[in-house]
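What follows is a single structure, written as structure tokens, with notes after it.
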Amino acid sequence: MLKVAIIGLRHPHIFSIKGDVEATPGAKLVAVAEDEPSLQAKAESLGVPVYQDWRRMLERERPDVVAACPVNAEKGAVISECLERDLHVIADKPLVTTLEDLEAVSAAWAGSGKRLLLMLTLRYDAPFVALRRFVNEGGLGAPAAMYCTGPHRLNLPSRYPWMLRDDLCGGVLVDLGCHFVDAVRWIARSAPGCAEDEVLAVSATQGCKRFTDLPNFTDYGQVLLRLSSGASGLVQADWLSPDAAPYHGDMRFSITGTQGTAEVRYWPWPQVLVATNDRPPYALDLGPTPPSVGEDFLRAILEERETQLSTEDCLAATRVTLLARKAAETGTTVTVS
């Protein structure tokens, strides 16, 4: 039996782990650790023992896997220690909030022989999987330019105080941008002959335009990625989704290649619209619903196979977003590799 424990319930994303465990024969949720008083009822709703001290939980429950979702700025220390304790780790985004923590986590993972995965959910979303498959088959030719926008609605009353402080959440480029940076890398590298394509340099901007009463908070940011193939990617992350809109965020991903264009849209329904040199615009068949990132992670451990998303890609996307934040803070272009 693969025993799974949760450290931290600081973001609702982590509750998906319960469903992932239930969907994975041979896995069992055994405990949760959360010391925030306002989250005790939610912790108890999981139906497993609740601990205030996560180290005590690890010592008593002896899990095989930890799902980590403490305050973002605390993730690096938690993840590193869990890896050093020979535990597999899956973490809510972002993985860490500083380059120093990234180096520590990378070293802990490299020396552990255990699995580490970041919940980059777009990798397991049907429209992105369909787009990746189409690009991999050569449907768009060589990628030239990509644009990914991921607006979110802040909905202030629903946010914990730490989420509104860049020093604790990581800032908009790190907290939200990691999804979209990874999407650009993943789609670009899927094209024929582009498997080694990598981000060479980043420039970025960030600021606060709407929620100016929050003293340490960025509500928008843009990142320009220069890839080794000569392609480019523009990523936008923000907390400015309109209040009256019927969606949390009108996320889109567009790609222009030498043989055509494609765009992922989610409103009014998930779809991928494609136009090529040989065919007028049409919608791709999205295919079957992929497994979730958590289910893939647990099944891969049990089946002793690789996950669809690699640890190396998780670390690379995290590094690029951290360097993007540095570029925005310094007003410079930062070399990545």
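Chain labels follow the order of the structure tokens: the first chain is A, the next B, and so on; residue numbering restarts at 1 in every chain, and ligands are counted from 1 in their shown order.
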
*Show which residues sit within 8 Å of stretch 171-173 of chain A, as a ChimeraX atom specification. Count only C-alpha atoms, and ignore same-chain residues fewer than 3 positions away.*
/A:165-167,176-178,206,217-222,237-239,321-322,324-325

_For the structure I just gave you, how does DSSP split stretch 62-282 of chain A - specifically, which residues are alpha helix (DSSP H)? Reply as a PyMOL selection string._
chain A and resi 75-84+99-110+126-136+166-169+172-175+177-190

*asked:* Report as a list of chain:residue names all protein, DNA and RNA residues lying within 6 Å of stretch 64-81 of chain A, evaluated on only C-alpha atoms, omitting residues in the same chain fewer than 2 positions from it.
replied: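 After dropping sequence-adjacent residues, the list is A:Lys3, A:Val4, A:Ala5, A:Ile6, A:Ile7, A:Gly8, A:Leu9, A:Arg10, A:Leu83, A:Glu84, A:Leu87, A:His88, A:Val89, A:Ile90, A:Ala91, A:Asp92, A:Val96, A:Thr97, A:Asp101, A:Val105, A:Ala108, A:Leu168, A:Cys169.
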
*Quick one: residues within 10 Å of A:Arg189, only C-alpha atoms counted, chain neighbours fewer than 3 positions away excluded, as JSON, numbers by chain?*
{"A": [132, 135, 136, 143, 183, 184, 185, 186, 192, 193, 194, 195, 196, 197, 198, 227, 229]}

Saved selection, atoms kept: C-alpha atoms, as a compact mmCIF listing (two decimals), in the first residue's frame:
# COMPACT_ATOMS: atom_id res chain seq x y z
CA ARG A 132 0.95 19.27 -28.06
CA VAL A 135 2.51 20.23 -32.89
CA ASN A 136 4.47 17.01 -32.30
CA PRO A 143 7.25 27.19 -33.91
CA ALA A 183 3.47 25.50 -21.37
CA VAL A 184 5.68 27.52 -23.73
CA ARG A 185 8.68 25.22 -23.12
CA TRP A 186 6.57 22.06 -23.45
CA PRO A 192 9.86 17.90 -34.75
CA GLY A 193 13.55 18.64 -34.35
CA CYS A 194 13.01 20.92 -31.35
CA ALA A 195 13.36 18.47 -28.44
CA GLU A 196 16.45 20.29 -27.17
CA ASP A 197 14.98 23.79 -27.52
CA GLU A 198 15.59 25.76 -24.35
CA LEU A 227 14.48 30.22 -27.11
CA SER A 229 15.66 27.70 -31.79

_Just to confirm, what's the straight-line distance from atom CA of A:Ala188 to atom CA of A:Thr261 in Å (one decimal)?_
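Going from atom CA of A:Ala188 over to atom CA of A:Thr261, I get 13.1 Å.
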
*Just give me the gap between atom CA of A:Glu22 and atom CA of A:Gly47 in Å, one decimal is fine.*
12.6 Å
